[in-house]
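Content type compact mmCIF, C-alpha atoms and all ligand atoms, from the file data.txt:
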```txt
# COMPACT_ATOMS: atom_id res chain seq x y z
CA MET N 782 7.53 -20.21 18.30
CA GLU N 783 8.80 -17.90 20.97
CA ILE N 784 9.76 -14.40 19.87
CA LYS N 785 12.97 -13.26 21.57
CA VAL N 786 13.13 -9.59 22.50
CA ASN N 787 16.37 -7.61 22.67
CA GLN N 788 15.63 -4.05 23.81
CA ALA N 789 17.47 -1.09 22.27
CA ALA N 790 19.85 0.66 24.67
CA GLU N 791 19.03 4.05 23.25
CA LYS N 792 15.61 5.36 22.29
CA GLY N 793 14.90 7.95 19.62
CA LYS N 794 12.33 10.73 19.79
CA ARG N 795 9.22 10.97 17.68
CA PRO N 796 8.90 14.30 15.83
CA GLU N 797 5.83 16.52 16.28
CA ASP N 798 2.83 15.22 14.32
CA SER N 799 2.89 18.33 12.12
CA ALA N 800 6.49 17.59 11.05
CA LEU N 801 5.75 14.07 9.81
CA GLY N 802 5.93 13.23 6.15
CA PHE N 803 5.87 9.70 4.78
CA GLY N 804 8.44 7.00 5.47
CA GLN N 805 11.34 9.01 6.87
CA VAL N 806 11.11 8.36 10.61
CA PHE N 807 11.86 4.85 11.88
CA THR N 808 11.26 3.44 15.33
CA ASP N 809 13.78 1.89 17.75
CA HIS N 810 13.08 -1.79 17.05
CA MET N 811 12.28 -4.17 14.21
CA PHE N 812 11.10 -7.75 13.90
CA VAL N 813 13.34 -10.21 12.04
CA MET N 814 13.02 -13.92 11.17
CA ASP N 815 15.06 -16.10 8.81
CA TYR N 816 14.28 -19.00 6.50
CA SER N 817 16.36 -21.95 5.41
CA GLU N 818 15.34 -25.21 3.77
CA GLN N 819 16.47 -27.21 6.80
CA LYS N 820 14.88 -25.07 9.50
CA GLY N 821 11.98 -23.39 7.70
CA TRP N 822 11.14 -19.96 9.20
CA HIS N 823 13.13 -19.74 12.40
CA ASP N 824 14.67 -17.48 15.02
CA PRO N 825 11.88 -14.89 15.28
CA ARG N 826 13.20 -11.90 17.18
CA ILE N 827 12.56 -8.28 18.00
CA GLU N 828 15.81 -6.37 18.07
CA PRO N 829 17.12 -2.81 17.85
CA PHE N 830 16.54 -1.21 14.42
CA SER N 831 19.87 -1.51 12.64
CA ASP N 832 21.54 -2.20 9.30
CA PHE N 833 21.62 -5.76 7.97
CA SER N 834 24.80 -7.49 7.01
CA LEU N 835 24.22 -9.38 3.74
CA SER N 836 26.53 -10.92 1.17
CA PRO N 837 26.93 -8.73 -1.93
CA ALA N 838 25.95 -11.93 -3.76
CA ALA N 839 22.56 -12.10 -1.92
CA MET N 840 20.00 -12.87 -4.62
CA VAL N 841 17.75 -9.94 -3.74
CA PHE N 842 20.42 -7.55 -5.05
CA HIS N 843 20.68 -9.29 -8.38
CA TYR N 844 17.30 -10.69 -9.28
CA GLY N 845 14.92 -8.63 -7.13
CA GLN N 846 13.16 -11.47 -5.34
CA ALA N 847 11.49 -9.27 -2.73
CA ILE N 848 7.94 -8.68 -1.56
CA PHE N 849 6.42 -6.28 0.92
CA GLU N 850 3.23 -5.02 2.52
CA GLY N 851 1.97 -1.73 3.89
CA LEU N 852 -0.54 -1.30 6.71
CA LYS N 853 -1.10 1.12 9.56
CA ALA N 854 -1.67 1.22 13.32
CA TYR N 855 -3.91 4.10 14.45
CA LYS N 856 -4.20 5.79 17.84
CA THR N 857 -7.77 6.52 18.94
CA SER N 858 -8.78 9.56 20.98
CA ASP N 859 -9.09 7.30 24.05
CA ASN N 860 -5.53 6.05 23.52
CA LYS N 861 -6.29 2.65 22.06
CA ILE N 862 -4.19 1.22 19.23
CA GLN N 863 -6.17 -0.08 16.28
CA LEU N 864 -5.31 -2.13 13.20
CA PHE N 865 -7.41 -2.03 10.02
CA ARG N 866 -7.97 -5.37 8.21
CA ALA N 867 -4.40 -6.36 9.10
CA ARG N 868 -4.80 -10.10 8.45
CA ASP N 869 -5.69 -9.26 4.86
CA ASN N 870 -2.25 -7.71 4.43
CA TYR N 871 -0.57 -10.93 5.57
CA LYS N 872 -2.85 -12.98 3.33
CA ARG N 873 -1.77 -10.75 0.46
CA LEU N 874 1.88 -11.08 1.54
CA ASN N 875 1.51 -14.86 1.25
CA ARG N 876 -0.22 -14.46 -2.11
CA SER N 877 2.75 -12.37 -3.28
CA ALA N 878 5.06 -15.02 -1.78
CA ARG N 879 3.41 -17.74 -3.87
CA GLY N 880 3.70 -15.54 -6.96
CA MET N 881 7.41 -14.92 -6.38
CA CYS N 882 8.41 -18.46 -5.26
CA ILE N 883 9.04 -17.31 -1.68
CA PRO N 884 8.02 -19.56 1.26
CA GLU N 885 4.83 -18.38 2.97
CA VAL N 886 4.89 -17.15 6.56
CA ASP N 887 2.59 -18.26 9.34
CA ILE N 888 -0.02 -15.50 9.52
CA ASP N 889 -0.69 -15.96 13.24
CA LEU N 890 3.02 -15.69 14.02
CA ALA N 891 3.44 -12.63 11.78
CA MET N 892 0.40 -10.93 13.36
CA ASP N 893 1.64 -11.75 16.85
CA ALA N 894 5.14 -10.45 16.05
CA MET N 895 3.74 -7.24 14.58
CA LYS N 896 1.47 -6.62 17.56
CA GLN N 897 4.32 -7.19 20.04
CA LEU N 898 6.52 -4.83 18.05
CA ILE N 899 3.82 -2.14 17.89
CA LYS N 900 3.23 -2.41 21.64
CA ILE N 901 6.94 -1.92 22.31
CA GLU N 902 6.88 1.11 19.99
CA LYS N 903 3.56 2.57 21.12
CA ASP N 904 5.10 5.97 21.87
CA TRP N 905 6.01 6.27 18.19
CA ILE N 906 2.33 6.27 17.16
CA PRO N 907 1.35 9.85 16.38
CA GLU N 908 -2.02 11.06 17.56
CA THR N 909 -3.61 13.38 15.06
CA VAL N 910 -6.10 12.14 12.46
CA GLY N 911 -4.11 11.79 9.23
CA THR N 912 -1.01 10.50 11.05
CA SER N 913 -0.30 6.88 12.01
CA LEU N 914 2.33 4.22 12.51
CA TYR N 915 3.03 2.71 9.11
CA VAL N 916 3.96 -0.98 9.24
CA ARG N 917 6.21 -2.35 6.50
CA PRO N 918 6.59 -6.16 6.47
CA CYS N 919 9.07 -7.36 3.88
CA ILE N 920 10.67 -10.60 2.65
CA ILE N 921 13.96 -10.65 0.75
CA ALA N 922 16.06 -13.40 -0.86
CA THR N 923 19.36 -13.76 1.00
CA ASP N 924 21.05 -16.74 -0.68
CA PRO N 925 24.55 -15.78 -1.94
CA PHE N 926 24.23 -17.28 -5.42
CA LEU N 927 24.40 -15.89 -8.93
CA GLY N 928 22.43 -18.52 -10.85
CA VAL N 929 18.86 -17.56 -11.68
CA ARG N 930 16.50 -19.60 -9.52
CA ALA N 931 14.46 -19.03 -6.38
CA SER N 932 16.63 -18.36 -3.34
CA LEU N 933 17.03 -21.10 -0.73
CA THR N 934 17.22 -18.64 2.18
CA TYR N 935 15.15 -15.56 3.04
CA ARG N 936 14.77 -12.86 5.64
CA PHE N 937 11.39 -11.58 6.82
CA PHE N 938 11.39 -8.29 8.67
CA ILE N 939 8.91 -5.71 9.88
CA ILE N 940 9.90 -2.09 10.34
CA LEU N 941 7.71 0.75 11.61
CA SER N 942 7.56 4.38 10.57
CA SER N 943 5.67 7.30 12.14
CA VAL N 944 3.93 8.93 9.18
CA GLY N 945 1.78 11.83 8.07
CA ALA N 946 0.26 12.31 4.63
CA TYR N 947 1.75 10.45 1.65
CA TYR N 948 1.25 13.34 -0.75
CA ALA N 949 2.47 16.84 0.00
CA GLU N 950 -0.96 17.96 -1.25
CA GLY N 951 -2.63 16.23 1.75
CA LEU N 952 -6.33 16.10 0.98
CA ASN N 953 -6.09 18.67 -1.80
CA PRO N 954 -6.68 17.06 -5.20
CA VAL N 955 -3.56 15.62 -6.86
CA LYS N 956 -2.69 15.76 -10.54
CA ILE N 957 -1.98 12.49 -12.33
CA TRP N 958 -0.37 11.77 -15.68
CA VAL N 959 -1.35 8.90 -17.97
CA SER N 960 1.75 7.18 -19.27
CA LYS N 961 1.71 6.58 -23.03
CA ASP N 962 5.26 5.31 -23.41
CA HIS N 963 5.71 3.07 -20.40
CA VAL N 964 3.78 0.22 -18.88
CA ARG N 965 3.99 -1.01 -15.29
CA ALA N 966 2.82 -4.57 -15.71
CA ALA N 967 1.08 -6.95 -18.07
CA LYS N 968 -1.40 -9.73 -17.47
CA GLY N 969 0.55 -12.93 -16.83
CA GLY N 970 3.35 -10.97 -15.18
CA VAL N 971 3.74 -9.95 -11.54
CA GLY N 972 1.74 -6.71 -11.45
CA GLU N 973 -0.82 -8.17 -9.07
CA PHE N 974 1.88 -9.03 -6.51
CA LYS N 975 3.42 -6.50 -4.19
CA THR N 976 6.95 -7.12 -5.39
CA ALA N 977 9.78 -4.60 -5.39
CA GLY N 978 10.43 -4.77 -9.14
CA ASN N 979 6.99 -3.35 -9.96
CA TYR N 980 8.00 -0.14 -8.22
CA ALA N 981 11.44 -0.08 -9.86
CA ALA N 982 9.70 -0.48 -13.23
CA SER N 983 7.51 2.53 -12.46
CA LEU N 984 10.29 5.01 -11.75
CA ILE N 985 11.15 6.26 -15.21
CA ALA N 986 7.55 7.21 -15.97
CA SER N 987 7.13 8.71 -12.47
CA GLU N 988 10.15 10.93 -13.02
CA LYS N 989 8.70 12.15 -16.30
CA ALA N 990 5.35 12.80 -14.61
CA ASN N 991 6.99 14.66 -11.71
CA LYS N 992 8.97 16.85 -14.13
CA GLU N 993 5.69 17.89 -15.73
CA GLY N 994 4.25 18.76 -12.30
CA TYR N 995 2.19 15.60 -11.81
CA ALA N 996 2.21 13.66 -8.52
CA GLN N 997 1.90 10.16 -9.93
CA VAL N 998 1.41 8.07 -13.04
CA LEU N 999 -1.92 6.57 -14.05
CA TRP N 1000 -1.03 3.30 -15.74
CA LEU N 1001 -2.76 1.81 -18.73
CA ASP N 1002 -2.91 -1.92 -19.46
CA GLY N 1003 0.32 -3.34 -20.86
CA ILE N 1004 -1.20 -5.02 -23.92
CA GLU N 1005 -3.65 -2.64 -25.63
CA ARG N 1006 -2.43 0.45 -23.72
CA LYS N 1007 -6.04 1.54 -23.61
CA TYR N 1008 -7.59 0.49 -20.34
CA ILE N 1009 -6.99 2.23 -17.04
CA GLU N 1010 -5.28 0.06 -14.43
CA GLU N 1011 -4.12 1.90 -11.30
CA VAL N 1012 -1.92 4.70 -9.99
CA GLY N 1013 1.66 4.27 -8.68
CA ALA N 1014 0.68 3.64 -5.07
CA MET N 1015 -3.10 3.40 -5.18
CA ASN N 1016 -6.12 1.98 -6.96
CA ILE N 1017 -8.35 4.38 -8.87
CA PHE N 1018 -12.06 5.20 -8.71
CA PHE N 1019 -14.33 7.33 -10.88
CA ILE N 1020 -17.77 8.66 -10.14
CA ILE N 1021 -19.51 8.65 -13.51
CA LYS N 1022 -23.11 9.86 -13.36
CA ASP N 1023 -24.48 7.93 -10.39
CA GLU N 1024 -22.03 5.02 -10.62
CA VAL N 1025 -18.87 4.21 -8.70
CA VAL N 1026 -16.56 2.77 -11.36
CA THR N 1027 -13.19 1.12 -10.77
CA PRO N 1028 -11.05 -1.09 -13.05
CA ASP N 1029 -11.67 -4.78 -12.43
CA LEU N 1030 -8.85 -6.91 -11.00
CA SER N 1031 -7.45 -7.74 -14.40
CA GLY N 1032 -4.47 -9.74 -13.14
CA SER N 1033 -1.99 -6.90 -13.49
CA ILE N 1034 -3.15 -4.51 -10.76
CA LEU N 1035 -2.75 -4.79 -7.02
CA PRO N 1036 -5.90 -6.01 -5.22
CA GLY N 1037 -6.02 -3.11 -2.77
CA ILE N 1038 -7.45 -3.53 0.70
CA THR N 1039 -8.64 0.08 0.69
CA ARG N 1040 -10.18 -0.61 -2.75
CA LYS N 1041 -12.22 -3.52 -1.44
CA SER N 1042 -13.23 -1.47 1.62
CA VAL N 1043 -14.47 1.39 -0.60
CA LEU N 1044 -16.42 -1.11 -2.72
CA ALA N 1045 -17.95 -2.69 0.40
CA LEU N 1046 -19.02 0.69 1.80
CA ALA N 1047 -20.44 1.84 -1.54
CA ARG N 1048 -22.48 -1.35 -1.86
CA LYS N 1049 -23.65 -1.05 1.73
CA TRP N 1050 -24.78 2.52 1.10
CA GLY N 1051 -26.80 1.30 -1.89
CA MET N 1052 -24.66 3.04 -4.49
CA LYS N 1053 -24.32 1.59 -7.97
CA VAL N 1054 -20.91 -0.07 -8.13
CA VAL N 1055 -19.19 -1.40 -11.23
CA GLU N 1056 -15.83 -3.15 -11.50
CA ARG N 1057 -15.07 -3.20 -15.21
CA LYS N 1058 -12.66 -2.27 -17.93
CA ILE N 1059 -12.65 1.46 -18.50
CA SER N 1060 -10.63 2.98 -21.32
CA VAL N 1061 -8.90 6.32 -21.15
CA ASP N 1062 -10.93 7.40 -24.19
CA GLU N 1063 -14.17 6.59 -22.41
CA LEU N 1064 -12.98 8.59 -19.42
CA PHE N 1065 -12.17 11.68 -21.49
CA GLN N 1066 -15.47 11.27 -23.34
CA ALA N 1067 -17.35 11.12 -20.02
CA HIS N 1068 -15.60 14.31 -18.98
CA GLU N 1069 -16.61 16.00 -22.21
CA GLU N 1070 -20.22 15.00 -21.66
CA GLY N 1071 -20.10 16.30 -18.10
CA SER N 1072 -20.72 12.89 -16.56
CA LEU N 1073 -17.29 12.40 -14.94
CA LEU N 1074 -18.09 13.90 -11.56
CA GLU N 1075 -15.20 12.79 -9.35
CA CYS N 1076 -12.02 10.77 -9.32
CA PHE N 1077 -10.00 9.53 -6.37
CA GLY N 1078 -7.25 7.06 -5.53
CA SER N 1079 -7.40 4.56 -2.66
CA GLY N 1080 -4.50 3.08 -0.73
CA THR N 1081 -3.10 2.53 2.74
CA ALA N 1082 -0.49 5.24 2.43
CA ALA N 1083 -2.63 7.52 0.26
CA VAL N 1084 -5.95 6.81 2.13
CA ILE N 1085 -8.53 8.45 -0.16
CA SER N 1086 -6.78 10.88 -2.41
CA PRO N 1087 -8.93 13.13 -4.60
CA VAL N 1088 -7.67 13.61 -8.16
CA GLY N 1089 -8.23 17.04 -9.67
CA GLU N 1090 -6.46 16.78 -13.02
CA ILE N 1091 -5.57 14.04 -15.49
CA ARG N 1092 -3.25 14.49 -18.43
CA TYR N 1093 -3.06 12.12 -21.40
CA GLY N 1094 -0.67 13.25 -24.11
CA GLU N 1095 -1.68 16.81 -24.92
CA LYS N 1096 -5.15 16.41 -23.46
CA VAL N 1097 -5.77 17.68 -19.94
CA ILE N 1098 -9.00 17.42 -17.98
CA GLN N 1099 -9.92 19.15 -14.74
CA ILE N 1100 -12.20 17.24 -12.40
CA GLY N 1101 -14.21 19.18 -9.85
CA ASP N 1102 -13.59 22.73 -8.66
CA GLY N 1103 -10.20 22.31 -6.98
CA ASN N 1104 -11.74 20.95 -3.77
CA PRO N 1105 -12.24 17.28 -2.86
CA GLY N 1106 -15.57 16.01 -4.22
CA ALA N 1107 -18.46 15.15 -1.89
CA THR N 1108 -18.40 11.41 -2.61
CA SER N 1109 -14.61 11.21 -2.23
CA MET N 1110 -14.97 12.94 1.14
CA LYS N 1111 -17.76 10.60 2.17
CA PHE N 1112 -15.44 7.63 1.65
CA TYR N 1113 -12.55 9.45 3.34
CA ASP N 1114 -14.68 10.31 6.38
CA ALA N 1115 -16.15 6.82 6.68
CA LEU N 1116 -12.80 5.03 6.37
CA THR N 1117 -10.79 7.33 8.60
CA GLY N 1118 -13.72 7.43 11.06
CA ILE N 1119 -13.49 3.65 11.43
CA GLN N 1120 -9.68 3.58 11.43
CA TYR N 1121 -9.32 6.23 14.16
CA GLY N 1122 -12.20 4.86 16.21
CA ASN N 1123 -14.50 7.87 15.72
CA LYS N 1124 -17.11 5.81 13.86
CA GLU N 1125 -18.55 2.44 14.73
CA ASP N 1126 -16.78 -0.49 13.09
CA THR N 1127 -19.92 -2.06 11.63
CA GLU N 1128 -17.91 -4.25 9.22
CA GLY N 1129 -15.62 -5.96 11.74
CA TRP N 1130 -12.51 -4.42 10.15
CA ILE N 1131 -10.83 -3.25 13.33
CA GLU N 1132 -8.64 -5.13 15.74
CA VAL N 1133 -7.67 -3.36 18.95
CA ILE N 1134 -4.20 -4.14 20.27
CA ASP N 1135 -4.26 -4.39 24.04
N1 LIG S 1201 -1.76 -0.26 -6.00
C1 LIG S 1201 -0.44 -0.21 -5.74
C2 LIG S 1201 0.52 -0.36 -6.85
C3 LIG S 1201 0.01 -0.02 -4.41
O1 LIG S 1201 1.31 0.04 -4.12
C4 LIG S 1201 -0.97 0.12 -3.39
C5 LIG S 1201 -0.54 0.29 -2.00
O2 LIG S 1201 -0.40 -0.64 -1.26
C6 LIG S 1201 -2.33 0.05 -3.73
C7 LIG S 1201 -2.68 -0.14 -5.04
C8 LIG S 1201 -3.38 0.15 -2.68
O3 LIG S 1201 -3.46 -1.02 -1.89
P1 LIG S 1201 -3.96 -0.97 -0.40
O4 LIG S 1201 -5.28 -0.32 -0.40
O5 LIG S 1201 -4.03 -2.40 0.02
O6 LIG S 1201 -2.95 -0.21 0.37
C1 LIG S 1202 0.91 1.44 0.74
O1 LIG S 1202 -0.04 2.17 0.49
O2 LIG S 1202 1.03 0.87 1.83
C2 LIG S 1202 1.97 1.21 -0.22
O3 LIG S 1202 2.61 0.21 -0.12
C3 LIG S 1202 2.23 2.20 -1.23
C4 LIG S 1202 3.63 2.55 -1.28
C5 LIG S 1202 4.46 1.93 -2.27
C6 LIG S 1202 4.12 3.70 -0.52
```
Rewrite the structure of this file - the entire thing - as C-alpha cells.
Amino acid sequence: MEIKVNQAAEKGKRPEDSALGFGQVFTDHMFVMDYSEQKGWHDPRIEPFSDFSLSPAAMVFHYGQAIFEGLKAYKTSDNKIQLFRARDNYKRLNRSARGMCIPEVDIDLAMDAMKQLIKIEKDWIPETVGTSLYVRPCIIATDPFLGVRASLTYRFFIILSSVGAYYAEGLNPVKIWVSKDHVRAAKGGVGEFKTAGNYAASLIASEKANKEGYAQVLWLDGIERKYIEEVGAMNIFFIIKDEVVTPDLSGSILPGITRKSVLALARKWGMKVVERKISVDELFQAHEEGSLLECFGSGTAAVISPVGEIRYGEKVIQIGDGNPGATSMKFYDALTGIQYGNKEDTEGWIEVID
C-alpha cells in the first residue's frame, strides 16, 4: 500500500537537548491509517501533526478500547539513526490487538510507515546520550456506538516526541512504593497487554505514592497480593546474592522488550538468571539478611532505572548507598552503548534507518 505524504506548511523547532523532559514535545508530522470492515486497514498517510475529529460517541471514549506501544529512535555520534528491536514492538502491538479484539496491522507496513515518518522528522532527534525520539504507535476504536462490543472501525496512528529522561531523577536511584490497597491487573485480565485502561487503573495508587514522595508504584499480584509484578512503566529486577531475579511473566505483567534484553545480556555474561515468583516478604527478608544487593527497573522510557528505596506499609528499605549499583550500571552501559551505536550490536538488535 502506498503511503501518501502531505508535508506540514510550518515547521516547529526542537528544544535544546538539556531542556527535554518526557513526552511534551511533538514533531511536525504523524502517520495515520484507518480500518473498516469493508476496506480493512486503508488510506495510510503521513500528514501534519494535528487534532483528530472524532464523534463524541466514538467507542474509545466510552469503553477504552485502545492499545499503544513505545519505542525509540537514537542518533549515533556519526549521525546515523538507529532503532532497537523495533519489530518486537509491533509484534507486541498485534498481541495487544488480539487481546483487545482489535484488528492486527501489517508489521511490514507499520515499520515502513514509521521509518518514513522518522526520516521526515530526523531533525527532531536529539543528539546527546540519554535523549532520543520516542515513537508512540497507537490504535483506538472510532465506531460511534454505545453498545458494548468490539468497535467496527479503528484508527492507527504514530506520533513522535523528542525526549530526555523519563524520571526527573535521571540515573539517580528512584524511590518506589508497594501498593497494599490497589491492584493493577489480575491473571486472566488484560495486564499483559499494553492497553490504555491499565494505566488509568494505576493512577489512584500512583497519586498516593507521589504524595508520599515516591516516583512510582510497585504492584503486587492481584489475587494473593503477595508477589511482586512490575512498576508503573517498567519491569523490575533484583540482584540477590549472585542472582539476577525478576518476576516471571505471570500473565498479568507486560512482557518488556528491555526486560528480555537484560535477561539475554545477563545470560550471555554467564550470570545466574532466575525468572520466578518473588514475594514482597522474601524481598524484605533478603534485605534484612544483607543479600538484596541491587534493584532496578527496565523499560523503553525508563531505560535502566536504579531503585534506591522501597516502601511497603510502614516498612522502608534502602538499597545501595544512594548511587546506582555496579550491576545496574553494567546493564545501563551495555544497553545504551548498543542503542547509541557506541558498542557493537552483537545480538542483532539494531536496525539502521538510511
Ligand atoms: N511494564 C509496563 C507497565 C510498561 O508500561 C512498560 C513500558 O513499556 C514496561 C513494563 C517495559 O516494557 P519495554 O521494556 O518493552 O518498554
Ligand atoms: C514505555 O516505556 O515506552 C512506556 O510505554 C511507558 C510509558 C507508559 C511511559
Legend entry - Contacts to ligand LIG 1202 (chain S) at 6 Å cut-off (only C-alpha atoms and all ligand atoms) as a PyMOL selection string: chain N and resi 850-852+1014+1080-1083
Inset, instruction - Within 9 Å of ligand LIG 1201 (chain S), which residues show up when you count all atoms listed in the file? List them as a ChimeraX atom specification, please. - result: /N:850-852,869-870,873,972-975,979-980,1011-1017,1034-1042,1078-1084
Legend entry - Thr976 (chain N) surroundings by all atoms listed in the file, 7 Å radius, close-in-sequence under 5 positions cut, as a PyMOL selection string: chain N and resi 847-849
Name the residues within 8 Å of (-9.4, 11.5, 2.9), counting only C-alpha atoms in the file's coordinates, and put them as an mmCIF file with C-alpha atoms, in the frame of the given file.
```
data_model
loop_
_atom_site.group_PDB
_atom_site.id
_atom_site.type_symbol
_atom_site.label_atom_id
_atom_site.label_comp_id
_atom_site.auth_asym_id
_atom_site.auth_seq_id
_atom_site.Cartn_x
_atom_site.Cartn_y
_atom_site.Cartn_z
ATOM 1 C CA LEU N 952 -6.330 16.100 0.980
ATOM 2 C CA VAL N 1084 -5.950 6.810 2.130
ATOM 3 C CA ILE N 1085 -8.530 8.450 -0.160
ATOM 4 C CA SER N 1086 -6.780 10.880 -2.410
ATOM 5 C CA PRO N 1087 -8.930 13.130 -4.600
ATOM 6 C CA SER N 1109 -14.610 11.210 -2.230
ATOM 7 C CA MET N 1110 -14.970 12.940 1.140
ATOM 8 C CA PHE N 1112 -15.440 7.630 1.650
ATOM 9 C CA TYR N 1113 -12.550 9.450 3.340
ATOM 10 C CA ASP N 1114 -14.680 10.310 6.380
ATOM 11 C CA THR N 1117 -10.790 7.330 8.600
#
```
Legend entry - Å distance separating CA of Ala966 (chain N) from CA of Ala981 (chain N), one decimal place: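 CA of Ala981 (chain N) lies 11.3 Å from CA of Ala966 (chain N).
Using only C-alpha atoms for every distance, the candidate list N:Ile1004, N:Ile1020, N:Met840, N:Ala922 yields N:Ile1004 as the residue closest to Ser1033 (chain N).
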Legend entry - Given all atoms listed in the file as the counted atoms, nearest of N:Ser983, N:Gln1066, N:Ser960, N:Ser1031 to Glu1095 (chain N): N:Ser960
Legend entry - Straight-line distance linking CA of Ser1060 (chain N) with CA of Ala977 (chain N), stated in Å to one decimal: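 The value is 27.0 Å.
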Legend entry - Between CA of Asp824 (chain N) and CA of Gly804 (chain N), distance in Å (one decimal): 27.0 Å
When you look at Asp962 (chain N) with a cut-off of 12 Å (counting all atoms listed in the file), what residues show up, excluding the ones that are within fewer than 6 positions of it in the same chain? I need them as a short mmCIF file (atom, residue, chain, number, x, y, z; two decimals) with C-alpha atoms, in the coordinates of the input.
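Dumped to selection.cif:
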```
data_model
loop_
_atom_site.label_atom_id
_atom_site.label_comp_id
_atom_site.auth_asym_id
_atom_site.auth_seq_id
_atom_site.Cartn_x
_atom_site.Cartn_y
_atom_site.Cartn_z
CA SER N 983 7.51 2.53 -12.46
CA ILE N 985 11.15 6.26 -15.21
CA ALA N 986 7.55 7.21 -15.97
CA SER N 987 7.13 8.71 -12.47
CA LYS N 989 8.70 12.15 -16.30
CA ALA N 990 5.35 12.80 -14.61
CA VAL N 998 1.41 8.07 -13.04
CA LEU N 999 -1.92 6.57 -14.05
CA TRP N 1000 -1.03 3.30 -15.74
CA LEU N 1001 -2.76 1.81 -18.73
CA ASP N 1002 -2.91 -1.92 -19.46
CA GLY N 1003 0.32 -3.34 -20.86
CA ARG N 1006 -2.43 0.45 -23.72
CA LYS N 1007 -6.04 1.54 -23.61
CA TYR N 1093 -3.06 12.12 -21.40
CA GLY N 1094 -0.67 13.25 -24.11
#
```
Missing atoms in region 807-823 of chain N: can you complete it with N, CA and C atoms, as a PDB file, in the frame of the given file?
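Below you can see result_25.pdb, which holds the result:
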```pdb
ATOM      1  N   PHE N 807      11.963   6.261  11.503  1.00  0.00           N
ATOM      2  CA  PHE N 807      11.860   4.850  11.880  1.00  0.00           C
ATOM      3  C   PHE N 807      11.967   4.669  13.385  1.00  0.00           C
ATOM      4  N   THR N 808      11.336   3.622  13.882  1.00  0.00           N
ATOM      5  CA  THR N 808      11.260   3.440  15.330  1.00  0.00           C
ATOM      6  C   THR N 808      12.521   2.724  15.838  1.00  0.00           C
ATOM      7  N   ASP N 809      12.561   2.422  17.133  1.00  0.00           N
ATOM      8  CA  ASP N 809      13.780   1.890  17.750  1.00  0.00           C
ATOM      9  C   ASP N 809      14.024   0.402  17.482  1.00  0.00           C
ATOM     10  N   HIS N 810      12.939  -0.338  17.176  1.00  0.00           N
ATOM     11  CA  HIS N 810      13.080  -1.790  17.050  1.00  0.00           C
ATOM     12  C   HIS N 810      12.510  -2.285  15.720  1.00  0.00           C
ATOM     13  N   MET N 811      12.865  -3.519  15.392  1.00  0.00           N
ATOM     14  CA  MET N 811      12.280  -4.170  14.210  1.00  0.00           C
ATOM     15  C   MET N 811      12.096  -5.656  14.534  1.00  0.00           C
ATOM     16  N   PHE N 812      11.257  -6.296  13.764  1.00  0.00           N
ATOM     17  CA  PHE N 812      11.100  -7.750  13.900  1.00  0.00           C
ATOM     18  C   PHE N 812      11.873  -8.405  12.758  1.00  0.00           C
ATOM     19  N   VAL N 813      12.558  -9.496  13.066  1.00  0.00           N
ATOM     20  CA  VAL N 813      13.340 -10.210  12.040  1.00  0.00           C
ATOM     21  C   VAL N 813      13.143 -11.719  12.229  1.00  0.00           C
ATOM     22  N   MET N 814      13.104 -12.450  11.110  1.00  0.00           N
ATOM     23  CA  MET N 814      13.020 -13.920  11.170  1.00  0.00           C
ATOM     24  C   MET N 814      13.678 -14.434   9.891  1.00  0.00           C
ATOM     25  N   ASP N 815      14.334 -15.573   9.973  1.00  0.00           N
ATOM     26  CA  ASP N 815      15.060 -16.100   8.810  1.00  0.00           C
ATOM     27  C   ASP N 815      14.469 -17.421   8.336  1.00  0.00           C
ATOM     28  N   TYR N 816      14.766 -17.742   7.085  1.00  0.00           N
ATOM     29  CA  TYR N 816      14.280 -19.000   6.500  1.00  0.00           C
ATOM     30  C   TYR N 816      15.444 -19.772   5.893  1.00  0.00           C
ATOM     31  N   SER N 817      15.463 -21.064   6.169  1.00  0.00           N
ATOM     32  CA  SER N 817      16.360 -21.950   5.410  1.00  0.00           C
ATOM     33  C   SER N 817      15.576 -23.218   5.108  1.00  0.00           C
ATOM     34  N   GLU N 818      16.047 -23.985   4.129  1.00  0.00           N
ATOM     35  CA  GLU N 818      15.340 -25.210   3.770  1.00  0.00           C
ATOM     36  C   GLU N 818      15.289 -26.195   4.937  1.00  0.00           C
ATOM     37  N   GLN N 819      16.404 -26.258   5.686  1.00  0.00           N
ATOM     38  CA  GLN N 819      16.470 -27.210   6.800  1.00  0.00           C
ATOM     39  C   GLN N 819      15.560 -26.789   7.949  1.00  0.00           C
ATOM     40  N   LYS N 820      15.577 -25.511   8.271  1.00  0.00           N
ATOM     41  CA  LYS N 820      14.880 -25.070   9.500  1.00  0.00           C
ATOM     42  C   LYS N 820      13.528 -24.426   9.235  1.00  0.00           C
ATOM     43  N   GLY N 821      13.189 -24.161   7.975  1.00  0.00           N
ATOM     44  CA  GLY N 821      11.980 -23.390   7.700  1.00  0.00           C
ATOM     45  C   GLY N 821      12.148 -21.988   8.262  1.00  0.00           C
ATOM     46  N   TRP N 822      11.039 -21.293   8.556  1.00  0.00           N
ATOM     47  CA  TRP N 822      11.140 -19.960   9.200  1.00  0.00           C
ATOM     48  C   TRP N 822      11.577 -20.178  10.630  1.00  0.00           C
ATOM     49  N   HIS N 823      12.614 -19.504  11.059  1.00  0.00           N
ATOM     50  CA  HIS N 823      13.130 -19.740  12.400  1.00  0.00           C
ATOM     51  C   HIS N 823      13.726 -18.471  12.995  1.00  0.00           C
TER      52      HIS N 823
END
```
